[in-house]
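Data from my_file.txt: compact mmCIF, C-alpha atoms
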# COMPACT_ATOMS: atom_id res chain seq x y z
CA MET J 1 26.75 8.39 66.63
CA THR J 2 28.62 11.44 67.85
CA ALA J 3 27.94 13.16 71.15
CA LEU J 4 26.50 16.15 69.26
CA VAL J 5 24.01 13.95 67.45
CA ARG J 6 23.00 12.28 70.70
CA GLY J 7 22.58 15.72 72.25
CA LEU J 8 20.28 16.86 69.46
CA CYS J 9 18.27 13.66 69.74
CA LEU J 10 17.73 14.42 73.45
CA VAL J 11 15.97 17.65 72.42
CA VAL J 12 12.77 15.70 71.70
CA PRO J 13 12.32 14.17 75.19
CA ALA J 14 13.57 17.42 76.71
CA GLY J 15 10.89 19.31 74.80
CA LEU J 16 8.23 16.90 76.05
CA ALA J 17 9.49 17.30 79.60
CA LEU J 18 9.39 21.08 79.22
CA ALA J 19 5.81 20.92 77.97
CA LEU J 20 4.76 18.78 80.93
CA TRP J 21 6.49 21.15 83.33
CA ARG J 22 4.85 24.26 81.88
CA ARG J 23 1.40 22.57 81.83
CA PRO J 24 0.06 24.63 78.90
CA ASP J 25 -3.66 25.12 78.44
CA ARG J 26 -5.48 23.59 75.48
CA ARG J 27 -4.86 26.48 73.08
CA THR J 28 -1.19 26.77 74.04
CA ALA J 29 -0.67 23.03 73.66
CA GLY J 30 -2.29 23.18 70.23
CA ALA J 31 -0.07 26.13 69.30
CA VAL J 32 3.04 24.21 70.37
CA LEU J 33 2.04 21.23 68.20
CA LEU J 34 1.31 23.54 65.28
CA SER J 35 4.70 25.23 65.73
CA PHE J 36 6.40 21.83 65.62
CA LEU J 37 4.55 20.76 62.47
CA THR J 38 5.42 24.02 60.70
CA ALA J 39 9.10 23.68 61.58
CA PHE J 40 9.06 19.99 60.59
CA VAL J 41 7.66 20.74 57.13
CA ALA J 42 9.98 23.72 56.58
CA ILE J 43 13.11 21.81 57.65
CA GLY J 44 12.18 18.91 55.39
CA LEU J 45 11.69 21.19 52.39
CA ALA J 46 14.94 23.06 53.08
CA ASN J 47 16.86 19.78 53.33
CA LYS J 48 15.41 18.55 50.05
CA VAL J 49 16.44 21.79 48.32
CA ALA J 50 19.91 21.66 49.88
CA MET J 51 20.47 18.05 48.83
CA ALA J 52 19.20 18.74 45.31
CA ALA J 53 21.54 21.75 45.05
CA GLY J 54 24.47 19.72 46.36
CA TRP J 55 24.98 21.90 49.44
CA TRP J 56 25.11 18.80 51.64
CA ARG J 57 24.28 15.12 51.62
CA TYR J 58 23.81 12.56 54.36
CA THR J 59 26.22 9.63 54.35
CA VAL J 60 24.32 7.19 56.58
CA ALA J 61 22.05 4.42 55.32
CA ASP J 62 19.88 3.76 58.38
CA GLY J 63 17.29 5.87 60.16
CA LEU J 64 16.44 7.96 57.10
CA PHE J 65 13.01 9.39 56.35
CA LEU J 66 12.76 10.79 52.82
CA GLY J 67 16.55 10.78 52.71
CA ILE J 68 16.94 12.80 55.96
CA PRO J 69 17.99 11.34 59.35
CA LEU J 70 14.71 11.28 61.25
CA ASP J 71 16.29 11.84 64.66
CA LEU J 72 17.99 15.03 63.49
CA TRP J 73 14.85 16.17 61.69
CA LEU J 74 12.73 15.76 64.83
CA GLY J 75 15.38 17.40 67.02
CA TRP J 76 15.63 20.44 64.75
CA ALA J 77 11.84 20.80 64.58
CA VAL J 78 11.48 20.72 68.38
CA LEU J 79 14.43 23.06 68.95
CA TRP J 80 13.27 25.64 66.39
CA GLY J 81 9.59 25.68 67.30
CA PRO J 82 8.20 24.34 70.58
CA VAL J 83 11.27 24.92 72.79
CA PRO J 84 11.57 28.71 72.35
CA LEU J 85 7.77 28.98 72.36
CA LEU J 86 7.58 27.25 75.76
CA LEU J 87 10.70 28.78 77.31
CA ARG J 88 9.87 32.40 76.74
CA ARG J 89 7.08 33.32 74.39
CA ARG J 90 8.04 37.00 74.21
CA LEU J 91 11.68 36.38 73.27
CA PRO J 92 12.37 38.40 70.07
CA ILE J 93 12.33 36.21 67.00
CA TRP J 94 15.62 37.61 65.73
CA THR J 95 17.21 36.47 69.00
CA VAL J 96 15.92 32.93 68.52
CA LEU J 97 17.01 33.02 64.88
CA LEU J 98 20.55 34.07 65.79
CA ALA J 99 20.77 31.50 68.59
CA CYS J 100 19.61 28.65 66.33
CA GLY J 101 21.98 29.80 63.58
CA TRP J 102 24.90 29.98 66.00
CA LEU J 103 24.20 26.46 67.27
CA ASP J 104 24.05 25.12 63.73
CA LEU J 105 27.30 26.85 62.77
CA LEU J 106 28.94 24.93 65.61
CA PHE J 107 26.98 21.74 65.06
CA MET J 108 26.86 21.10 61.29
CA PRO J 109 30.63 21.00 60.56
CA ARG J 110 31.03 18.33 63.25
CA LEU J 111 28.69 15.88 61.51
CA ASP J 112 31.44 14.33 59.40
CA SER J 113 30.24 10.81 60.18
CA LEU J 114 26.66 11.72 59.29
CA ALA J 115 26.70 14.45 56.63
CA GLN J 116 29.08 15.76 53.99
CA LEU J 117 28.97 19.53 53.57
CA ASN J 118 29.71 21.40 50.35
CA HIS J 119 31.57 24.72 50.57
CA HIS J 120 28.20 26.42 49.78
CA TRP J 121 26.40 24.72 52.69
CA LEU J 122 25.72 28.06 54.41
CA TYR J 123 23.16 28.85 51.69
CA GLY J 124 21.18 25.80 52.77
CA GLU J 125 21.61 26.74 56.42
CA LEU J 126 20.24 30.23 55.79
CA LEU J 127 17.31 28.84 53.79
CA ALA J 128 16.43 26.37 56.55
CA LEU J 129 16.60 29.02 59.28
CA LEU J 130 14.47 31.56 57.43
CA LEU J 131 11.95 28.97 56.29
CA GLY J 132 11.73 27.21 59.64
CA VAL J 133 12.21 29.50 62.64
CA PRO J 134 10.13 32.67 61.95
CA PRO J 135 7.03 30.86 60.56
CA ALA J 136 7.01 28.30 63.39
CA LEU J 137 7.34 30.90 66.14
CA LEU J 138 5.00 33.45 64.59
CA LEU J 139 2.28 30.87 64.02
CA GLY J 140 2.64 29.58 67.57
CA ARG J 141 2.52 33.05 69.14
CA TRP J 142 -0.33 34.29 66.95
CA THR J 143 -2.35 31.17 67.77
CA ILE J 144 -1.87 31.61 71.50
CA ASP J 145 -2.69 35.33 71.38
CA GLN J 146 -5.52 34.92 68.82
CA ARG J 147 -4.20 37.70 66.58
CA GLN J 148 -3.05 38.13 62.97
CA LEU J 149 -5.84 35.92 61.65
CA THR J 150 -4.78 36.23 58.01
CA GLY J 151 -1.22 35.28 58.90
CA ARG J 152 -2.40 32.27 60.88
CA VAL J 153 -4.51 31.02 57.99
CA LEU J 154 -1.70 31.46 55.44
CA LEU J 155 0.89 29.70 57.60
CA GLN J 156 -1.54 26.89 58.36
CA LEU J 157 -2.15 26.55 54.63
CA PHE J 158 1.61 26.18 54.11
CA THR J 159 1.93 23.63 56.91
CA PHE J 160 -1.01 21.38 56.09
CA THR J 161 -0.42 21.55 52.34
CA GLY J 162 3.14 20.41 52.98
CA LEU J 163 1.95 17.60 55.23
CA ALA J 164 -0.92 16.37 53.07
CA LEU J 165 0.48 16.89 49.58
CA TRP J 166 4.18 16.28 50.10
CA LEU J 167 5.12 14.45 53.30
CA LEU J 168 2.24 11.95 53.37
CA PRO J 169 2.43 11.02 49.66
CA SER J 170 6.24 10.84 49.78
CA ALA J 171 6.18 8.56 52.82
CA VAL J 172 3.52 6.31 51.28
CA MET J 173 5.34 6.04 47.95
CA ALA J 174 8.66 5.38 49.70
CA ARG J 175 7.14 2.25 51.28
CA GLY J 176 4.92 1.32 48.35
CA ASP J 177 4.76 2.08 44.66
CA GLY J 178 4.59 5.22 42.55
CA SER J 179 6.96 8.13 42.09
CA TRP J 180 6.93 11.91 41.76
CA SER J 181 8.92 11.48 38.54
CA HIS J 182 5.79 10.27 36.74
CA LEU J 183 4.37 13.80 36.92
CA VAL J 184 7.39 14.95 34.89
CA ASP J 185 7.97 11.94 32.64
CA ASP J 186 4.35 11.33 31.61
CA PRO J 187 3.00 13.00 28.45
CA LEU J 188 2.43 16.70 28.99
CA TRP J 189 -1.30 16.48 28.38
CA ARG J 190 -1.69 13.84 31.08
CA SER J 191 0.38 15.60 33.73
CA SER J 192 -1.16 19.01 33.03
CA THR J 193 -4.66 17.52 33.19
CA VAL J 194 -3.96 15.98 36.59
CA VAL J 195 -2.48 19.23 37.94
CA GLN J 196 -5.38 21.32 36.64
CA LEU J 197 -7.94 18.93 38.10
CA MET J 198 -6.10 19.10 41.44
CA ALA J 199 -6.34 22.90 41.34
CA LEU J 200 -10.07 22.68 40.62
CA ALA J 201 -10.56 20.15 43.42
CA ALA J 202 -8.82 22.49 45.87
CA VAL J 203 -11.32 25.33 45.34
CA PRO J 204 -13.90 24.22 47.98
CA ALA J 205 -11.16 23.87 50.61
CA LEU J 206 -9.61 27.25 49.85
CA SER J 207 -13.03 28.91 49.84
CA ALA J 208 -13.90 27.18 53.13
CA MET J 209 -10.69 28.45 54.77
CA THR J 210 -11.52 31.96 53.60
CA GLU J 211 -15.04 31.59 54.97
CA PHE J 212 -13.70 30.39 58.31
CA ALA J 213 -11.53 33.49 58.61
CA SER J 214 -13.98 36.10 57.30
CA ARG J 215 -17.22 34.75 58.77
CA GLY J 216 -16.15 32.64 61.77
CA ARG J 217 -13.04 34.58 62.80
CA GLY J 218 -11.09 31.35 63.15
CA THR J 219 -9.05 28.75 61.29
CA PRO J 220 -9.43 25.07 60.29
CA TYR J 221 -7.04 23.98 63.05
CA PRO J 222 -9.03 22.18 65.79
CA TRP J 223 -7.29 24.15 68.57
CA ASP J 224 -7.94 27.46 66.83
CA PRO J 225 -11.51 27.06 65.54
CA PRO J 226 -14.04 29.72 64.46
CA SER J 227 -15.92 31.33 67.33
CA ASP J 228 -19.15 31.35 65.30
CA LEU J 229 -20.86 28.65 63.27
CA VAL J 230 -20.07 29.07 59.56
CA THR J 231 -23.00 28.17 57.29
CA THR J 232 -22.14 30.22 54.21
CA GLY J 233 -19.89 29.53 51.23
CA PRO J 234 -19.23 25.79 50.72
CA TYR J 235 -20.73 25.08 54.15
CA ALA J 236 -24.16 25.95 52.78
CA TYR J 237 -23.95 22.78 50.66
CA VAL J 238 -21.79 20.26 52.52
CA ALA J 239 -20.49 19.96 56.06
CA ASN J 240 -16.90 18.94 55.23
CA PRO J 241 -15.65 20.72 52.10
CA MET J 242 -12.03 20.66 53.24
CA GLN J 243 -11.96 16.89 53.68
CA ILE J 244 -13.64 16.40 50.31
CA SER J 245 -11.07 18.60 48.58
CA ALA J 246 -8.18 16.84 50.32
CA VAL J 247 -9.44 13.40 49.33
CA LEU J 248 -10.00 14.44 45.71
CA VAL J 249 -6.54 16.00 45.48
CA LEU J 250 -4.90 12.89 46.99
CA ALA J 251 -6.82 10.62 44.61
CA LEU J 252 -5.71 12.70 41.62
CA LEU J 253 -2.16 12.70 42.95
CA ALA J 254 -2.32 8.90 43.13
CA VAL J 255 -3.27 8.88 39.45
CA GLY J 256 -0.50 11.32 38.53
CA THR J 257 2.19 9.40 40.44
CA HIS J 258 0.91 5.93 39.39
CA SER J 259 0.66 4.92 43.04
CA TRP J 260 -1.78 2.26 44.18
CA SER J 261 -0.35 2.71 47.68
CA LEU J 262 -1.38 6.36 47.71
CA ALA J 263 -4.83 5.39 46.42
CA ALA J 264 -5.15 2.99 49.36
CA ALA J 265 -3.98 5.74 51.74
CA THR J 266 -6.68 7.99 50.29
CA VAL J 267 -9.31 5.39 51.15
CA GLY J 268 -7.80 5.21 54.63
CA ALA J 269 -8.07 8.98 54.97
CA VAL J 270 -11.79 8.79 54.15
CA ALA J 271 -12.27 6.05 56.74
CA PHE J 272 -10.39 8.06 59.37
CA SER J 273 -12.50 11.12 58.64
CA CYS J 274 -15.79 9.19 58.78
CA PHE J 275 -15.18 7.05 61.85
CA VAL J 276 -12.69 9.04 63.97
CA ALA J 277 -12.47 12.75 63.11
CA ASP J 278 -16.12 13.37 62.23
CA PRO J 279 -17.69 11.99 65.45
CA HIS J 280 -15.19 13.93 67.57
CA GLU J 281 -15.81 17.14 65.62
CA ARG J 282 -19.59 16.78 65.81
CA THR J 283 -19.44 16.30 69.57
CA ASP J 284 -17.20 19.34 70.00
CA LEU J 285 -19.44 21.54 67.82
CA ALA J 286 -22.56 20.42 69.67
CA ASN J 287 -20.95 21.29 73.01
CA ARG J 288 -19.68 24.69 71.82
CA LEU J 289 -22.54 25.89 69.62
CA GLY J 290 -25.59 24.04 70.95
CA GLN J 291 -28.92 24.41 69.17
CA GLN J 292 -27.51 26.46 66.31
CA TRP J 293 -25.23 23.58 65.33
CA LEU J 294 -27.97 20.97 65.79
CA ALA J 295 -30.27 22.85 63.41
CA TYR J 296 -27.50 23.06 60.81
CA ASP J 297 -26.46 19.43 61.31
CA ALA J 298 -30.01 18.24 60.67
CA GLU J 299 -29.96 19.84 57.21
CA VAL J 300 -26.35 19.70 55.97
CA LYS J 301 -24.42 16.40 55.94
CA PRO J 302 -20.78 15.50 55.28
CA TRP J 303 -19.73 13.89 51.97
CA ARG J 304 -23.08 14.70 50.31
CA PHE J 305 -23.75 18.00 48.54
CA ARG J 306 -27.19 19.52 48.88
CA ARG J 307 -29.04 20.45 45.70
CA THR J 308 -30.06 23.76 47.27
CA PRO J 309 -28.13 25.87 49.78
CA TYR J 310 -28.83 25.91 53.48
CA ALA J 311 -29.96 29.39 54.43
CA ALA J 312 -30.83 30.45 57.95
CA GLU J 313 -32.08 33.84 56.65
CA PRO J 314 -32.86 35.31 53.20
CA ALA J 315 -30.41 37.60 51.41
CA ALA J 316 -30.62 40.46 48.90
CA LEU J 317 -28.55 41.39 45.85
CA TYR J 318 -28.66 45.03 44.70
CA LEU J 319 -27.95 45.67 40.99
CA SER J 320 -28.44 48.90 39.08
CA ASP J 321 -31.34 49.25 36.64
CA THR J 322 -29.47 51.98 34.71
CA CYS J 323 -26.33 49.95 34.00
CA ILE J 324 -26.28 47.61 30.98
CA ILE J 325 -23.76 45.21 32.56
CA CYS J 326 -25.81 45.14 35.78
CA ARG J 327 -29.01 44.36 33.88
CA GLN J 328 -27.28 41.53 32.05
CA THR J 329 -25.88 40.25 35.32
CA ARG J 330 -29.35 40.36 36.88
CA ALA J 331 -30.75 38.32 33.99
CA LEU J 332 -27.97 35.75 34.45
CA VAL J 333 -28.50 35.38 38.19
CA GLU J 334 -32.30 35.19 37.82
CA CYS J 335 -32.08 32.42 35.22
CA THR J 336 -30.17 30.26 37.73
CA ASN J 337 -33.27 30.22 39.99
CA PRO J 338 -31.53 31.34 43.20
CA ARG J 339 -33.03 30.29 46.51
CA ASP J 340 -33.60 32.69 49.41
CA LEU J 341 -32.22 35.57 47.34
CA THR J 342 -34.10 38.73 46.36
CA ILE J 343 -32.66 40.85 43.55
CA ARG J 344 -33.45 44.54 43.96
CA ALA J 345 -32.67 47.78 42.15
CA ALA J 346 -29.57 49.46 43.53
CA GLU J 347 -31.26 52.82 42.98
CA GLY J 348 -33.71 51.91 45.74
CA TYR J 349 -31.05 51.14 48.35
CA THR J 350 -31.79 53.27 51.40
CA VAL J 351 -28.20 54.18 52.33
CA ALA J 352 -26.53 56.88 50.23
CA GLY J 353 -23.19 56.30 48.54
CA LEU J 354 -23.77 52.92 46.87
CA ARG J 355 -21.48 52.74 43.83
CA ARG J 356 -21.15 48.99 43.15
CA ALA J 357 -23.31 45.89 43.20
CA LEU J 358 -24.08 44.97 46.81
CA TYR J 359 -24.94 41.68 48.51
CA VAL J 360 -26.54 41.77 51.96
CA GLY J 361 -26.83 38.43 53.71
CA PRO J 362 -27.44 37.01 57.18
CA ASP J 363 -25.38 38.08 60.19
CA ASP J 364 -24.53 41.43 58.56
CA LEU J 365 -22.72 39.77 55.65
CA HIS J 366 -21.90 42.42 53.01
CA ALA J 367 -20.06 42.00 49.72
CA SER J 368 -19.63 44.51 46.91
CA GLY J 369 -18.72 44.47 43.25
CA LEU J 370 -17.89 41.13 41.69
CA ALA J 371 -17.87 39.49 45.14
CA ALA J 372 -21.55 40.46 45.52
CA VAL J 373 -22.45 38.70 42.25
CA ALA J 374 -20.42 35.67 43.32
CA ARG J 375 -22.34 35.55 46.61
CA GLY J 376 -25.57 35.72 44.64
CA LEU J 377 -24.52 32.73 42.50
CA GLU J 378 -23.96 30.73 45.68
CA HIS J 379 -27.75 30.62 46.10
CA SER J 380 -28.23 28.78 42.78
CA GLY J 381 -27.09 25.20 43.34
CA PRO J 382 -23.66 23.56 43.75
CA GLY J 383 -22.52 24.14 40.15
CA TRP J 384 -23.13 27.89 40.16
CA ALA J 385 -21.95 28.07 43.77
CA TYR J 386 -18.63 26.52 42.76
CA LEU J 387 -18.23 29.33 40.23
CA GLY J 388 -18.98 31.84 42.98
CA TRP J 389 -16.42 30.26 45.32
CA SER J 390 -13.79 30.38 42.57
CA ILE J 391 -14.49 34.05 41.84
CA ARG J 392 -14.20 35.02 45.51
CA LEU J 393 -10.80 33.42 46.11
CA PRO J 394 -8.46 36.07 47.59
CA VAL J 395 -6.07 36.30 44.63
CA VAL J 396 -8.62 35.64 41.89
CA ARG J 397 -11.27 38.19 42.88
CA PRO J 398 -9.09 41.36 42.76
CA MET J 399 -7.71 40.36 39.35
CA LEU J 400 -11.18 39.68 37.94
CA GLN J 401 -12.52 42.89 39.47
CA LEU J 402 -9.81 44.90 37.68
CA LEU J 403 -10.75 43.16 34.43
CA VAL J 404 -14.47 43.91 34.91
CA ASP J 405 -13.72 47.53 35.81
CA GLY J 406 -11.67 47.88 32.65
CA MET J 407 -14.61 46.60 30.59
CA GLY J 408 -16.93 49.29 31.94
CA GLY J 409 -18.19 47.59 35.07
CA GLY J 410 -16.46 49.91 37.50
CA PRO J 411 -18.01 51.99 40.30
CA ARG J 412 -20.53 54.65 39.36
CA GLN J 413 -22.65 57.19 41.19
CA LEU J 414 -26.27 56.09 41.45
CA PRO J 415 -29.37 57.96 42.56
CA THR J 416 -30.55 56.48 45.83
CA ALA J 417 -33.75 56.57 47.79
CA LYS J 418 -34.04 58.91 50.74
CA GLU J 419 -33.00 57.46 54.05
CA THR J 420 -35.88 56.12 56.07
Before we go any further, please render this structure as structure tokens.
Amino acid sequence: MTALVRGLCLVVPAGLALALWRRPDRRTAGAVLLSFLTAFVAIGLANKVAMAAGWWRYTVADGLFLGIPLDLWLGWAVLWGPVPLLLRRRLPIWTVLLACGWLDLLFMPRLDSLAQLNHHWLYGELLALLLGVPPALLLGRWTIDQRQLTGRVLLQLFTFTGLALWLLPSAVMARGDGSWSHLVDDPLWRSSTVVQLMALAAVPALSAMTEFASRGRGTPYPWDPPSDLVTTGPYAYVANPMQISAVLVLALLAVGTHSWSLAAATVGAVAFSCFVADPHERTDLANRLGQQWLAYDAEVKPWRFRRTPYAAEPAALYLSDTCIICRQTRALVECTNPRDLTIRAAEGYTVAGLRRALYVGPDDLHASGLAAVARGLEHSGPGWAYLGWSIRLPVVRPMLQLLVDGMGGGPRQLPTAKET
């Protein structure tokens, strides 16, 4: 091993020593770990792309993880994420990006005994830097400062999707059976069915993340949790929608990759959630949220969907009596027998200016247009609620709203009752 490689390997213990010296608080320590995980996933993906494109390849046989030298992978991840975050949190990102790029320009060509570079290797270097450094630092800084909530959620989605749906399955299949190639080589109907079922299984998790951000003003990351208890959306029916989605997706992935090892790992993930993560989370929630959490916990359990939604307070859905589409929508929602939901005429709403369907729920929860109807469906049992969660997904809802508006369901001026 060259001196340069040994130097990069020393980055990991040096990063740990730096963390101990700085003595970060709980949130900062969590942000540093999250920064490392983001850089780790990004560097792994960039290396896979670079090796597939022929920009470089590693010539060693030992110490590889998914075809990448693990010591270098860890060293890069620490150097690009936690180290600059701990050294000087306000250092401009472009400065860190240039410094890391300069080090790699000196470092990579001297890895002759470890890696063989193609004359296009700088493309891979640029991809790795852009994919690794800015996301890792931004996520770390935003988590510490508790700002840019949407950005934090999106970058966490990238990180944990990469960990759960790429790194973990790849590592399990590398030591066991199964292969990603089965998703390509199997008959199209089989592979497409698995992929579509995975997308459907992911809906509760995606809706829960959205609910965490919009209702709880937090994220799924344990060191960056919601400040308020979230009991709406999927959490009105089950206490752990994200874990359920993750397990279902992993199980379907095991089917698609023909991997009994991944199926066993999925069972292990359920056991870890039940016996390790869940007790710790319940204790933390009880300490932070007190009686509010205890009342919710008595009614809503993990791994078991309720037949009716948990509702701390009743809600109202306002639909116009003079709109044909609204009357049809009202008939649809009423036939689902919603619980704790009153459907009222929009013309009787006491605040002037109402132009779309409106949902008014507990804790000043307001939704308009198609999102209001989706919220109303969430009062009608898990099947209809799933439809509501799907409609309200960030990308899906605007597209469907445009479609509904084009069919005549757009905003309109309604007569309203006088203000009281």
Would you mind listing, for every residue of segment 55-163 of chain J within 9 Å of segment 207-226 of chain J, the two atoms forming the shortest contact and the distance between them in Å to one decimal, using all atoms listed in the file, sorted by chain and ascending residue number, as JSON lines?
{"residue": "J:Thr143", "atom": "CA", "partner": "J:Asp224", "partner_atom": "CA", "distance": 6.8}
{"residue": "J:Ile144", "atom": "CA", "partner": "J:Asp224", "partner_atom": "CA", "distance": 8.7}
{"residue": "J:Gln146", "atom": "CA", "partner": "J:Asp224", "partner_atom": "CA", "distance": 8.1}
{"residue": "J:Leu149", "atom": "CA", "partner": "J:Ala213", "partner_atom": "CA", "distance": 6.9}
{"residue": "J:Thr150", "atom": "CA", "partner": "J:Ala213", "partner_atom": "CA", "distance": 7.3}
{"residue": "J:Arg152", "atom": "CA", "partner": "J:Thr219", "partner_atom": "CA", "distance": 7.5}
{"residue": "J:Val153", "atom": "CA", "partner": "J:Thr219", "partner_atom": "CA", "distance": 6.1}
{"residue": "J:Gln156", "atom": "CA", "partner": "J:Tyr221", "partner_atom": "CA", "distance": 7.8}
{"residue": "J:Leu157", "atom": "CA", "partner": "J:Met209", "partner_atom": "CA", "distance": 8.7}
Could you check which of J:Leu253, J:Ala295, J:Ala345, J:Leu64 is closest to Leu183 of chain J, using all atoms listed in the file? J:Leu253
Considering only C-alpha atoms, return as an MDAnalysis selection string whatever protein or nucleic-acid residues lie within 9 Å of segment 361-369 of chain J, sequence-local ones (same chain, fewer than 6 positions apart) excluded. chainID J and resid 215 311:317 341 355 375 401 409:411
With C-alpha atoms kept, could you save the residues just selected as a short mmCIF file (atom, residue, chain, number, x, y, z; two decimals), in the coordinates of the input?
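For reference, out.cif as written:
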data_model
loop_
_atom_site.label_atom_id
_atom_site.label_comp_id
_atom_site.auth_asym_id
_atom_site.auth_seq_id
_atom_site.Cartn_x
_atom_site.Cartn_y
_atom_site.Cartn_z
CA ARG J 215 -17.22 34.75 58.77
CA ALA J 311 -29.96 29.39 54.43
CA ALA J 312 -30.83 30.45 57.95
CA GLU J 313 -32.08 33.84 56.65
CA PRO J 314 -32.86 35.31 53.20
CA ALA J 315 -30.41 37.60 51.41
CA ALA J 316 -30.62 40.46 48.90
CA LEU J 317 -28.55 41.39 45.85
CA LEU J 341 -32.22 35.57 47.34
CA ARG J 355 -21.48 52.74 43.83
CA ARG J 375 -22.34 35.55 46.61
CA GLN J 401 -12.52 42.89 39.47
CA GLY J 409 -18.19 47.59 35.07
CA GLY J 410 -16.46 49.91 37.50
CA PRO J 411 -18.01 51.99 40.30
#
Taking into account all atoms listed in the file, which residue in the set J:Leu354, J:Pro241, J:Leu262, J:Arg330 is nearest to Arg304 of chain J? J:Pro241
Is it possible to get the axis-aligned box enclosing segment 82-87 of chain J (all listed atoms, 4 Å extra per side) as AutoDock Vina command-line options, with centre and edge lengths in Å rounded to one decimal?
--center_x 9.6 --center_y 26.7 --center_z 73.9 --size_x 12.0 --size_y 12.6 --size_z 14.7
Between J:Ser390, J:Ser192, J:Thr95, J:Thr308, which has the minimum distance to Tyr237 of chain J (counting all atoms listed in the file)?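 Of J:Ser390, J:Ser192, J:Thr95, J:Thr308, the one nearest Tyr237 of chain J, counting all atoms listed in the file, is J:Thr308.
The nearest approach to Pro234 of chain J among the residues J:Gly383, J:Pro109, J:Gly140, J:Gly124, with all atoms listed in the file taken into account, belongs to J:Gly383.
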Looking at J:Pro169, J:Pro187, J:Gly290, J:Pro279, which one is nearest to Leu250 of chain J, with distances taken over only C-alpha atoms?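 The closest residue to Leu250 of chain J is J:Pro169.
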Can you pull out the residues contacting Asp278 of chain J? Cut-off 10 Å, using all atoms listed in the file, and skip same-chain residues under 6 positions away; I want them as a ChimeraX atom specification. /J:240,271-272,284,302
How many Å lie between atom CA of Trp293 of chain J and atom CA of Glu281 of chain J, rounded to one decimal?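 Interatomic distance, atom CA of Trp293 of chain J to atom CA of Glu281 of chain J: 11.4 Å.
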To one decimal in Å, tell me the separation between atom CA of Gly178 of chain J and atom CA of Trp260 of chain J.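 Taking atom CA of Gly178 of chain J and atom CA of Trp260 of chain J, their separation equals 7.2 Å.
If you measure from each of J:Trp189, J:Tyr310, J:Trp80, J:Trp56 to Gln116 of chain J using only C-alpha atoms, the closest one turns out to be J:Trp56.
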